[in-house]
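What follows is structure.cif (mmCIF, C-alpha atoms and all ligand atoms).
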```
data_structure
loop_
_atom_site.label_atom_id
_atom_site.label_comp_id
_atom_site.auth_asym_id
_atom_site.auth_seq_id
_atom_site.Cartn_x
_atom_site.Cartn_y
_atom_site.Cartn_z
CA MET A 1 0.35 -80.01 60.87
CA LYS A 2 1.02 -76.57 59.43
CA ARG A 3 4.80 -77.04 59.88
CA HIS A 4 4.58 -80.39 58.13
CA TRP A 5 2.79 -78.71 55.18
CA GLU A 6 5.46 -75.98 55.10
CA ASN A 7 8.28 -78.57 55.12
CA ALA A 8 6.61 -80.49 52.30
CA ASN A 9 6.27 -77.25 50.35
CA LEU A 10 9.93 -76.37 50.96
CA THR A 11 11.04 -79.82 49.82
CA TYR A 12 8.87 -79.46 46.72
CA PHE A 13 10.38 -76.01 46.02
CA ILE A 14 13.97 -77.34 46.39
CA LYS A 15 13.22 -80.30 44.09
CA LEU A 16 11.62 -77.98 41.51
CA SER A 17 14.62 -75.59 41.68
CA CYS A 18 17.00 -78.51 41.09
CA LEU A 19 14.95 -79.60 38.07
CA VAL A 20 14.91 -76.06 36.63
CA PHE A 21 18.69 -75.82 37.22
CA LEU A 22 19.31 -79.17 35.50
CA ALA A 23 16.98 -78.28 32.62
CA PHE A 24 18.75 -74.93 32.19
CA ASN A 25 22.16 -76.62 32.14
CA PHE A 26 20.95 -79.25 29.68
CA THR A 27 19.66 -76.47 27.37
CA SER A 28 23.01 -74.64 27.66
CA VAL A 29 24.91 -77.84 26.79
CA CYS A 30 22.61 -78.39 23.80
CA GLN A 31 22.99 -74.79 22.70
CA SER A 32 26.80 -74.87 22.90
CA ALA A 33 26.89 -78.22 21.05
CA PHE A 34 24.66 -76.70 18.36
CA ALA A 35 26.84 -73.57 18.20
CA GLN A 36 29.89 -75.79 17.80
CA GLU A 37 28.21 -77.60 14.93
CA THR A 38 27.07 -74.43 13.20
CA THR A 39 30.59 -72.98 13.52
CA THR A 40 32.29 -75.97 11.98
CA GLN A 41 29.68 -76.31 9.22
CA GLU A 42 29.32 -72.59 8.66
CA ASP A 43 27.99 -71.66 5.23
CA LEU A 44 30.47 -69.21 3.72
CA ILE A 45 29.66 -69.80 0.06
CA ALA A 46 27.20 -67.63 -1.82
CA PRO A 47 24.65 -69.12 -4.23
CA LYS A 48 25.30 -69.19 -7.96
CA ILE A 49 22.86 -67.65 -10.45
CA LEU A 50 22.69 -69.22 -13.90
CA ALA A 51 20.81 -67.64 -16.79
CA PRO A 52 21.00 -68.50 -20.49
CA SER A 53 21.80 -65.84 -23.10
CA LEU A 54 18.62 -64.08 -24.12
CA THR A 55 17.76 -62.11 -27.26
CA LEU A 56 14.36 -60.47 -27.69
CA THR A 57 12.96 -58.80 -30.77
CA THR A 58 11.07 -55.54 -31.03
CA HIS A 59 7.29 -55.73 -31.50
CA THR A 60 7.10 -58.59 -28.99
CA SER A 61 6.44 -58.42 -25.27
CA VAL A 62 8.98 -59.09 -22.52
CA PRO A 63 8.63 -62.63 -21.09
CA ASN A 64 8.88 -63.64 -17.43
CA LEU A 65 12.52 -62.86 -16.64
CA MET A 66 12.63 -65.29 -13.69
CA ALA A 67 11.38 -68.34 -15.62
CA ASP A 68 14.72 -69.40 -17.15
CA VAL A 69 16.97 -68.46 -14.22
CA ILE A 70 18.40 -71.14 -11.95
CA VAL A 71 19.92 -70.69 -8.49
CA MET A 72 22.24 -73.24 -6.96
CA ASP A 73 23.63 -73.27 -3.45
CA ASP A 74 26.05 -75.55 -1.63
CA HIS A 75 24.01 -75.79 1.58
CA ASP A 76 20.28 -75.42 1.31
CA SER A 77 17.22 -75.14 -0.86
CA GLU A 78 15.89 -72.01 0.86
CA THR A 79 17.73 -69.65 -1.45
CA GLU A 80 15.76 -66.56 -2.40
CA LEU A 81 15.97 -65.09 -5.88
CA ARG A 82 14.62 -61.73 -6.94
CA ILE A 83 15.09 -58.99 -9.49
CA LEU A 84 16.77 -55.96 -7.91
CA SER A 85 16.50 -53.67 -10.93
CA SER A 86 15.68 -54.05 -14.61
CA ASP A 87 15.54 -52.09 -17.84
CA LEU A 88 12.82 -54.50 -18.98
CA VAL A 89 9.54 -55.35 -17.27
CA GLU A 90 7.50 -58.49 -17.91
CA GLY A 91 4.67 -57.84 -20.37
CA MET A 92 6.21 -54.59 -21.68
CA GLU A 93 5.86 -54.18 -25.48
CA LEU A 94 9.26 -53.64 -27.05
CA ASP A 95 9.55 -50.93 -29.70
CA GLU A 96 12.45 -49.45 -31.68
CA THR A 97 13.50 -47.20 -28.79
CA ASP A 98 14.29 -50.32 -26.72
CA GLN A 99 16.80 -51.62 -29.24
CA GLY A 100 20.27 -52.59 -27.94
CA ILE A 101 21.61 -54.17 -24.76
CA LYS A 102 19.40 -54.01 -21.69
CA TYR A 103 20.34 -55.15 -18.19
CA VAL A 104 18.53 -57.07 -15.48
CA THR A 105 20.12 -57.33 -12.02
CA TYR A 106 19.28 -60.44 -10.01
CA GLN A 107 19.99 -61.06 -6.33
CA ALA A 108 20.16 -64.45 -4.62
CA VAL A 109 20.53 -64.88 -0.87
CA ASP A 110 21.01 -68.21 0.90
CA ALA A 111 19.75 -69.08 4.41
CA ALA A 112 23.08 -67.96 5.94
CA GLY A 113 22.72 -64.53 4.31
CA ASN A 114 25.39 -64.98 1.62
CA GLU A 115 24.46 -62.81 -1.34
CA THR A 116 25.14 -63.03 -5.06
CA ILE A 117 24.47 -60.32 -7.61
CA PHE A 118 24.18 -61.24 -11.28
CA ILE A 119 23.86 -58.61 -14.00
CA ARG A 120 22.27 -60.16 -17.08
CA PRO A 121 22.63 -58.45 -20.46
CA ILE A 122 19.69 -59.02 -22.81
CA TYR A 123 19.89 -57.95 -26.43
CA VAL A 124 16.82 -56.38 -28.02
CA TYR A 125 17.01 -57.02 -31.74
CA GLY A 126 15.56 -54.10 -33.73
CA TYR A 127 13.14 -54.16 -36.64
CA GLN A 128 15.68 -52.54 -38.98
CA GLU A 129 18.41 -55.02 -38.01
CA GLN A 130 16.03 -57.87 -38.78
CA ALA A 131 15.04 -56.27 -42.11
CA ASP A 132 18.71 -55.80 -43.03
CA GLY A 133 19.47 -59.38 -42.01
CA GLU A 134 22.15 -58.10 -39.69
CA ASP A 135 24.20 -60.77 -37.93
CA ILE A 136 24.01 -60.24 -34.18
CA SER A 137 25.64 -63.53 -33.25
CA SER A 138 28.89 -61.72 -32.45
CA ILE A 139 27.23 -59.49 -29.84
CA ASP A 140 28.46 -60.64 -26.45
CA ILE A 141 25.57 -61.06 -24.05
CA THR A 142 27.32 -63.54 -21.77
CA PRO A 143 28.80 -61.91 -18.67
CA PRO A 144 32.01 -63.25 -17.13
CA GLU A 145 31.60 -65.94 -14.51
CA VAL A 146 33.40 -65.23 -11.25
CA THR A 147 33.92 -68.09 -8.78
CA CYS A 148 35.17 -67.59 -5.23
CA TYR A 149 35.74 -69.78 -2.19
CA PRO A 150 36.51 -68.69 1.37
CA VAL A 151 40.16 -67.94 1.96
CA TYR A 152 41.95 -68.38 5.31
CA LEU A 153 44.95 -66.15 6.07
CA LYS A 154 47.19 -65.72 9.07
CA VAL A 155 47.09 -62.24 10.54
CA GLY A 156 49.77 -59.96 9.07
CA SER A 157 50.78 -62.54 6.43
CA GLN A 158 50.34 -60.13 3.51
CA SER A 159 49.20 -56.66 2.52
CA VAL A 160 45.85 -55.95 0.87
CA ALA A 161 47.71 -55.12 -2.38
CA GLU A 162 49.44 -58.53 -2.28
CA PHE A 163 46.12 -60.23 -1.56
CA GLU A 164 44.49 -58.48 -4.53
CA ASP A 165 47.43 -59.46 -6.70
CA LYS A 166 47.36 -63.16 -5.69
CA LYS A 167 43.56 -63.57 -6.09
CA ALA A 168 43.63 -66.71 -3.92
CA SER A 169 40.57 -68.96 -4.39
CA ALA A 170 39.06 -66.50 -6.89
CA SER A 171 38.82 -67.02 -10.64
CA ALA A 172 36.95 -65.66 -13.66
CA THR A 173 36.12 -67.14 -17.05
CA ASP A 174 34.29 -65.74 -20.05
CA ASN A 175 32.89 -66.96 -23.36
CA ASN A 176 35.22 -64.66 -25.33
CA ILE A 177 38.35 -64.63 -23.18
CA GLU A 178 39.03 -67.95 -21.52
CA ASP A 179 40.78 -66.75 -18.38
CA LEU A 180 39.81 -63.39 -16.99
CA THR A 181 41.30 -64.08 -13.55
CA PRO A 182 44.23 -61.64 -13.99
CA ASN A 183 41.68 -58.84 -14.56
CA LEU A 184 39.81 -59.44 -11.29
CA GLN A 185 39.77 -56.44 -8.97
CA LEU A 186 38.48 -55.87 -5.47
CA GLU A 187 35.44 -53.62 -5.19
CA SER A 188 36.70 -50.43 -3.53
CA SER A 189 34.41 -50.09 -0.47
CA ALA A 190 34.97 -53.69 0.69
CA LYS A 191 38.68 -53.34 -0.05
CA ALA A 192 38.85 -50.25 2.18
CA LYS A 193 37.37 -52.25 5.10
CA LEU A 194 39.68 -55.26 4.64
CA ASP A 195 42.29 -55.28 7.40
CA LEU A 196 44.66 -58.25 7.07
CA ASP A 197 46.48 -57.16 10.24
CA LYS A 198 43.37 -57.71 12.38
CA PRO A 199 41.70 -61.10 12.94
CA GLY A 200 38.10 -61.34 11.74
CA ASN A 201 35.80 -62.35 8.89
CA TYR A 202 35.74 -59.90 6.01
CA LEU A 203 33.45 -60.04 2.98
CA VAL A 204 35.01 -58.74 -0.23
CA THR A 205 33.62 -58.48 -3.75
CA TRP A 206 35.66 -59.38 -6.83
CA GLU A 207 34.70 -57.63 -10.07
CA VAL A 208 35.68 -58.07 -13.70
CA GLU A 209 34.48 -56.90 -17.10
CA ASP A 210 34.64 -58.69 -20.44
CA ARG A 211 35.54 -56.95 -23.73
CA ALA A 212 31.91 -55.93 -24.28
CA GLY A 213 31.74 -54.30 -20.86
CA ASN A 214 29.56 -57.01 -19.29
CA LYS A 215 30.25 -57.20 -15.59
CA GLY A 216 30.79 -60.29 -13.47
CA LEU A 217 31.06 -60.21 -9.69
CA ALA A 218 31.20 -62.53 -6.71
CA ASN A 219 31.63 -62.27 -2.96
CA GLN A 220 34.40 -63.98 -1.04
CA TRP A 221 34.86 -64.43 2.70
CA VAL A 222 38.37 -63.64 3.89
CA ILE A 223 38.99 -65.20 7.29
CA VAL A 224 41.94 -63.59 9.04
CA MET A 225 43.12 -65.94 11.80
CA PRO A 226 45.22 -64.98 14.85
CA GLN A 227 48.85 -66.13 14.78
CA CA B 301 25.63 -71.21 0.68
CA CA B 302 31.37 -62.28 -22.40
#
```
Mind converting the file's structure to structure tokens?
Amino acid sequence: MKRHWENANLTYFIKLSCLVFLAFNFTSVCQSAFAQETTTQEDLIAPKILAPSLTLTTHTSVPNLMADVIVMDDHDSETELRILSSDLVEGMELDETDQGIKYVTYQAVDAAGNETIFIRPIYVYGYQEQADGEDISSIDITPPEVTCYPVYLKVGSQSVAEFEDKKASASATDNNIEDLTPNLQLESSAKAKLDLDKPGNYLVTWEVEDRAGNKGLANQWVIVMPQ
């Protein structure tokens, strides 16, 4: 009787082991299928931050600096936007000492971790300028817009200097100068890490300034593929 119970238990144990093994294999198959899908549909494009030109006048208070900012992303709606640093704080009373161009730095990160930095110039119009009827319409408070897409290169196909010169899948426009693409430069620390002779995914940052010194920047994935 006891032996019979032991045999039944052994059979049960073998059956259970088979089920666990099958379940494990099924999970592995699912995981690899999912990995395959996430690889082919990998999000390599950073969000875009859009903000209208903004002029404030002294003797008023700073409005909510997130209210008129829009973030767009190619993949998802879970993009996070925040202010990284700012010369102006919401609710702050502007006086004559605040007059001139102030900067707010925004950061947007999509669900895949792609990051965009946007430096927004805001002009604070002074009391004296208003009294004198000074025309501030020529003050450039629109930063250049840099657009980048992932670029795929074969290992050893070019040097970093050639890559920087070609600016493949990177472009820049501005309100004052139509095409700023020739002025695009690689940010130095990312450039130092870029090795086009070694396969891998490298993130570089392209930077450019307009005539007023407003800065535009964008990240680009450089995928170096084996031969
Ligand atoms: Ca994205
Ligand atoms: Ca500009």
May I ask you to write as number ranges by chain all residues lying at most 9 Å from ligand CA 301 (chain B), with only C-alpha atoms and all ligand atoms counted?
A: 42-48, 72-76, 79, 109-115
Please produce, as CSV, a per-residue contact table for chain A versus ligand CA 302 (chain B) (criterion: any atom at most 12 Å away, only C-alpha atoms and all ligand atoms considered), showing the nearest atom pair and its distance in Å to one decimal, sorted by chain then residue number.
```
residue,atom,partner,partner_atom,distance
A:Ser53,CA,B:CA302,CA,10.2
A:Ile119,CA,B:CA302,CA,11.9
A:Arg120,CA,B:CA302,CA,10.8
A:Pro121,CA,B:CA302,CA,9.7
A:Ser138,CA,B:CA302,CA,10.4
A:Ile139,CA,B:CA302,CA,9.0
A:Asp140,CA,B:CA302,CA,5.2
A:Ile141,CA,B:CA302,CA,6.2
A:Thr142,CA,B:CA302,CA,4.3
A:Pro143,CA,B:CA302,CA,4.5
A:Pro144,CA,B:CA302,CA,5.4
A:Glu145,CA,B:CA302,CA,8.7
A:Val146,CA,B:CA302,CA,11.7
A:Ala172,CA,B:CA302,CA,10.9
A:Thr173,CA,B:CA302,CA,8.6
A:Asp174,CA,B:CA302,CA,5.1
A:Asn175,CA,B:CA302,CA,5.0
A:Asn176,CA,B:CA302,CA,5.4
A:Ile177,CA,B:CA302,CA,7.4
A:Glu178,CA,B:CA302,CA,9.6
A:Asp179,CA,B:CA302,CA,11.2
A:Leu180,CA,B:CA302,CA,10.1
A:Val208,CA,B:CA302,CA,10.6
A:Glu209,CA,B:CA302,CA,8.2
A:Asp210,CA,B:CA302,CA,5.2
A:Arg211,CA,B:CA302,CA,6.9
A:Ala212,CA,B:CA302,CA,6.6
A:Gly213,CA,B:CA302,CA,8.1
A:Asn214,CA,B:CA302,CA,6.4
A:Lys215,CA,B:CA302,CA,8.6
A:Gly216,CA,B:CA302,CA,9.2
```
For the atom pair CA of Val124 (chain A) and CA of Ile136 (chain A), what is the interatomic distance in Å to one decimal place?
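So the two atoms, CA of Val124 (chain A) and CA of Ile136 (chain A), lie 10.2 Å apart.
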In terms of the shortest atom-to-atom distance over all atoms listed in the file, which of A:Ile122, A:Ile117, A:Ile83, A:Ala218 is closest to Asp98 (chain A)?
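Result for the nearest residue to Asp98 (chain A): A:Ile122.
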Find, counting only C-alpha atoms, the residue in A:Ala192, A:Ala108, A:Met225, A:Ile49 that gets nearest to Ser157 (chain A).
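Ranking A:Ala192, A:Ala108, A:Met225, A:Ile49 by distance to Ser157 (chain A), first place goes to A:Met225.
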One decimal, in Å: what's the spacing between CA of Asn219 (chain A) and CA of Asn201 (chain A)?
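Taking CA of Asn219 (chain A) as the start and CA of Asn201 (chain A) as the end point, the length is 12.6 Å.
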Name the closest residue to Leu84 (chain A) among the candidates A:Leu54, A:Leu196, A:Ala161, A:Val104; distances are taken between atoms, counting only C-alpha atoms.
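Smallest distance to Leu84 (chain A) is found for A:Val104.
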Pick from A:Gln128, A:Ser189, A:Thr181, A:Ser77 nearest to Gln99 (chain A), counting only C-alpha atoms:
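Going through A:Gln128, A:Ser189, A:Thr181, A:Ser77 one by one, the smallest distance to Gln99 (chain A) is for A:Gln128.
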Which of these residues is nearest to Ile223 (chain A), using all atoms listed in the file: A:Ser188, A:Val155, A:Gln130, A:Glu162?
A:Val155
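Going from CA of Glu187 (chain A) to CA of Leu81 (chain A) covers 22.6 Å.
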Identify the residues within 12 Å of coordinate (3.6, -62.9, -29.5) (same frame as the file), considering only C-alpha atoms, and give the answer as a PyMOL selection string.
chain A and resi 56-63+91-94
